[in-house]
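Single-structure report; data block below.
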Amino acid sequence: VEGYYMNPSGTCRACMNVVEDADPDFPAVECPAPTSFEGNALERLHMNPGYFRFSTTSTTGYFCTWPNNCIGGNKTGAALCAEGAGGPLCSICQPGYYIRDATASCASCEIAKAYWYVGPAIALGCLLLAAVVLFALRGRLMKWVKANSNLINDLSEATTSF
């Protein structure tokens, strides 16, 4: 039947149009030359992860803004969205979720709350590292200050004269 094909696993699938901005390495459905067979319908079209279809009668697949928010399957609309995602193209995070760039998907705010200490711990670690380096180089720093005391005094006077 024109417009349908059988995939390697033997499942009948409908070929579909994909909008122009789709990622060619991330196909909506694999579409080799159509194969003759009976018993498929557009309503049973299986979407690959990363794609969205608005209704069971839609013949166009859209590449999702956040590909990991679109889970794929024999579904349409919000049913194609991963947990915490919704809206057109699964592009809106539900309340209690935020878009996490690292995973290109909506993540629970509870996860972010659980790791609140990571940023301050990194900052403290950097400060400690700087203190250790300065302590280790204190002898060289003191020699440099002694050798350049005239330059330091001149710069100090120049900045205070304004």
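We name chains A, B, ... following the order of the structure tokens; residues begin at 1 in each chain, and ligands are numbered from 1 as shown.
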Neighbouring residues of region 100-108 of chain A were defined as those with any atom within 8 Å, considering only C-alpha atoms; residues of the same chain fewer than 5 positions away were excluded. Please report them as a ChimeraX atom specification.
/A:66-69,83-85,93
Output file for the residues above (all heavy atoms, as a compact mmCIF listing (two decimals), in the first residue's frame):
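As written to disk, part.txt reads:
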```txt
# COMPACT_ATOMS: atom_id res chain seq x y z
N TRP A 66 12.98 20.01 22.72
CA TRP A 66 13.83 19.29 23.67
C TRP A 66 13.61 17.81 23.37
O TRP A 66 12.68 17.20 23.90
CB TRP A 66 13.47 19.64 25.11
CG TRP A 66 13.62 21.09 25.39
CD1 TRP A 66 12.63 22.03 25.43
CD2 TRP A 66 14.83 21.79 25.63
NE1 TRP A 66 13.17 23.26 25.69
CE2 TRP A 66 14.52 23.15 25.82
CE3 TRP A 66 16.17 21.41 25.71
CZ2 TRP A 66 15.49 24.11 26.08
CZ3 TRP A 66 17.13 22.37 25.97
CH2 TRP A 66 16.78 23.70 26.16
N PRO A 67 14.43 17.19 22.50
CA PRO A 67 14.17 15.83 22.01
C PRO A 67 13.92 14.79 23.10
O PRO A 67 13.09 13.90 22.91
CB PRO A 67 15.44 15.49 21.22
CG PRO A 67 15.99 16.80 20.82
CD PRO A 67 15.65 17.76 21.92
N ASN A 68 14.59 14.88 24.22
CA ASN A 68 14.39 13.86 25.26
C ASN A 68 13.07 14.02 26.00
O ASN A 68 12.70 13.16 26.79
CB ASN A 68 15.56 13.88 26.24
CG ASN A 68 16.83 13.40 25.59
OD1 ASN A 68 16.80 12.62 24.66
ND2 ASN A 68 17.96 13.89 26.05
N ASN A 69 12.34 15.12 25.74
CA ASN A 69 11.00 15.27 26.32
C ASN A 69 9.97 14.47 25.54
O ASN A 69 8.87 14.25 26.03
CB ASN A 69 10.59 16.75 26.34
CG ASN A 69 11.09 17.48 27.56
OD1 ASN A 69 11.60 16.89 28.48
ND2 ASN A 69 10.95 18.78 27.54
N GLU A 83 7.62 12.39 31.50
CA GLU A 83 7.13 12.90 32.78
C GLU A 83 7.68 14.30 33.02
O GLU A 83 8.86 14.57 32.82
CB GLU A 83 7.59 11.99 33.91
CG GLU A 83 7.13 12.46 35.27
CD GLU A 83 7.65 11.58 36.40
OE1 GLU A 83 8.15 10.47 36.14
OE2 GLU A 83 7.56 12.04 37.54
N GLY A 84 6.79 15.22 33.39
CA GLY A 84 7.18 16.59 33.68
C GLY A 84 7.13 17.52 32.49
O GLY A 84 7.32 18.73 32.64
N ALA A 85 6.90 16.98 31.29
CA ALA A 85 6.85 17.80 30.08
C ALA A 85 5.43 17.82 29.53
O ALA A 85 4.64 16.93 29.78
CB ALA A 85 7.80 17.25 29.02
N CYS A 93 7.80 22.70 30.50
CA CYS A 93 7.92 21.90 31.72
C CYS A 93 6.73 22.19 32.62
O CYS A 93 6.32 23.34 32.77
CB CYS A 93 9.23 22.22 32.44
SG CYS A 93 10.68 21.68 31.52
```
Figure out the distance between CA of Thr160 (chain A) and CA of Asn148 (chain A), please, to one decimal in Å.
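So the answer is 18.6 Å.
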Would you mind writing down, as number ranges by chain, each residue of region 44-121 of chain A that DSSP on the backbone assigns to strand (DSSP E or B)?
A: 47, 51-52, 60-63, 70, 73, 81, 85-86, 92-93, 97-100, 105-108
For the residues selected in the previous step, produce a file with N, CA, C and O atoms as an mmCIF file, in the first residue's frame.
```cif
data_model
loop_
_atom_site.group_PDB
_atom_site.id
_atom_site.type_symbol
_atom_site.label_atom_id
_atom_site.label_comp_id
_atom_site.auth_asym_id
_atom_site.auth_seq_id
_atom_site.Cartn_x
_atom_site.Cartn_y
_atom_site.Cartn_z
ATOM 1 N N MET A 47 5.605 6.805 16.551
ATOM 2 C CA MET A 47 6.585 7.896 16.472
ATOM 3 C C MET A 47 7.864 7.483 17.188
ATOM 4 O O MET A 47 7.815 6.908 18.275
ATOM 5 N N TYR A 51 10.264 13.021 18.431
ATOM 6 C CA TYR A 51 9.295 13.578 17.480
ATOM 7 C C TYR A 51 7.912 13.666 18.107
ATOM 8 O O TYR A 51 7.579 12.934 19.032
ATOM 9 N N PHE A 52 7.114 14.559 17.541
ATOM 10 C CA PHE A 52 5.793 14.861 18.080
ATOM 11 C C PHE A 52 4.787 14.856 16.944
ATOM 12 O O PHE A 52 5.068 15.325 15.845
ATOM 13 N N THR A 60 2.097 14.686 9.582
ATOM 14 C CA THR A 60 3.359 15.409 9.734
ATOM 15 C C THR A 60 3.923 15.182 11.127
ATOM 16 O O THR A 60 3.219 15.312 12.124
ATOM 17 N N GLY A 61 5.208 14.843 11.176
ATOM 18 C CA GLY A 61 5.908 14.706 12.441
ATOM 19 C C GLY A 61 6.793 15.919 12.649
ATOM 20 O O GLY A 61 7.411 16.412 11.711
ATOM 21 N N TYR A 62 6.850 16.417 13.866
ATOM 22 C CA TYR A 62 7.642 17.610 14.184
ATOM 23 C C TYR A 62 8.773 17.223 15.125
ATOM 24 O O TYR A 62 8.565 16.489 16.085
ATOM 25 N N PHE A 63 9.968 17.741 14.843
ATOM 26 C CA PHE A 63 11.118 17.517 15.706
ATOM 27 C C PHE A 63 10.890 18.300 16.992
ATOM 28 O O PHE A 63 10.568 19.478 16.963
ATOM 29 N N CYS A 70 10.273 14.084 24.305
ATOM 30 C CA CYS A 70 9.332 13.334 23.463
ATOM 31 C C CYS A 70 9.754 11.865 23.466
ATOM 32 O O CYS A 70 10.785 11.512 22.898
ATOM 33 N N GLY A 73 6.356 6.502 20.486
ATOM 34 C CA GLY A 73 5.363 5.451 20.696
ATOM 35 C C GLY A 73 4.141 5.644 19.822
ATOM 36 O O GLY A 73 4.065 6.552 18.999
ATOM 37 N N CYS A 81 4.744 12.962 25.539
ATOM 38 C CA CYS A 81 5.667 13.713 26.388
ATOM 39 C C CYS A 81 6.142 12.876 27.578
ATOM 40 O O CYS A 81 5.370 12.124 28.170
ATOM 41 N N ALA A 85 6.898 16.984 31.292
ATOM 42 C CA ALA A 85 6.852 17.801 30.075
ATOM 43 C C ALA A 85 5.433 17.822 29.533
ATOM 44 O O ALA A 85 4.640 16.928 29.783
ATOM 45 N N GLY A 86 5.106 18.840 28.776
ATOM 46 C CA GLY A 86 3.787 18.946 28.160
ATOM 47 C C GLY A 86 3.764 20.060 27.146
ATOM 48 O O GLY A 86 4.793 20.625 26.787
ATOM 49 N N ILE A 92 7.151 22.498 27.096
ATOM 50 C CA ILE A 92 6.874 23.239 28.331
ATOM 51 C C ILE A 92 7.002 22.290 29.516
ATOM 52 O O ILE A 92 6.393 21.223 29.543
ATOM 53 N N CYS A 93 7.797 22.701 30.496
ATOM 54 C CA CYS A 93 7.922 21.900 31.716
ATOM 55 C C CYS A 93 6.733 22.191 32.624
ATOM 56 O O CYS A 93 6.316 23.337 32.768
ATOM 57 N N TYR A 97 8.928 21.300 37.677
ATOM 58 C CA TYR A 97 9.981 20.809 36.788
ATOM 59 C C TYR A 97 10.661 22.003 36.131
ATOM 60 O O TYR A 97 10.085 23.075 36.019
ATOM 61 N N TYR A 98 11.899 21.820 35.677
ATOM 62 C CA TYR A 98 12.636 22.859 34.964
ATOM 63 C C TYR A 98 13.380 22.211 33.811
ATOM 64 O O TYR A 98 13.608 21.006 33.810
ATOM 65 N N ILE A 99 13.749 23.004 32.799
ATOM 66 C CA ILE A 99 14.474 22.443 31.663
ATOM 67 C C ILE A 99 15.945 22.313 32.040
ATOM 68 O O ILE A 99 16.567 23.265 32.477
ATOM 69 N N ARG A 100 16.458 21.123 31.937
ATOM 70 C CA ARG A 100 17.862 20.865 32.261
ATOM 71 C C ARG A 100 18.617 20.708 30.952
ATOM 72 O O ARG A 100 18.414 19.735 30.212
ATOM 73 N N SER A 105 15.945 17.906 28.666
ATOM 74 C CA SER A 105 14.626 17.439 29.091
ATOM 75 C C SER A 105 14.222 18.136 30.388
ATOM 76 O O SER A 105 15.027 18.787 31.041
ATOM 77 N N CYS A 106 12.951 17.966 30.737
ATOM 78 C CA CYS A 106 12.448 18.520 31.993
ATOM 79 C C CYS A 106 12.899 17.627 33.140
ATOM 80 O O CYS A 106 12.791 16.409 33.061
ATOM 81 N N ALA A 107 13.415 18.249 34.192
ATOM 82 C CA ALA A 107 13.868 17.507 35.373
ATOM 83 C C ALA A 107 13.120 18.034 36.596
ATOM 84 O O ALA A 107 12.741 19.206 36.648
ATOM 85 N N SER A 108 12.941 17.196 37.560
ATOM 86 C CA SER A 108 12.230 17.564 38.782
ATOM 87 C C SER A 108 13.023 18.590 39.582
ATOM 88 O O SER A 108 14.235 18.465 39.745
#
```
Find the residues around Thr76 (chain A) up to 8 Å (only C-alpha atoms counted), leave out those fewer than 4 positions away in its own chain, and share them as a PyMOL selection string.
chain A and resi 52-56+80
Have a look at CA of Leu137 (chain A) and CA of Ser156 (chain A) and let me know their distance in Å, one decimal.
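So the two atoms, CA of Leu137 (chain A) and CA of Ser156 (chain A), lie 23.4 Å apart.
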Measure the distance from CA of Pro88 (chain A) to CA of Asn74 (chain A) in Å and round it to one decimal.
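Result for CA of Pro88 (chain A) versus CA of Asn74 (chain A): 17.1 Å, one decimal.
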Judged by only C-alpha atoms, the minimum distance to His46 (chain A) among A:Leu151, A:Cys64, A:Ser91, A:Lys75 is found for A:Lys75
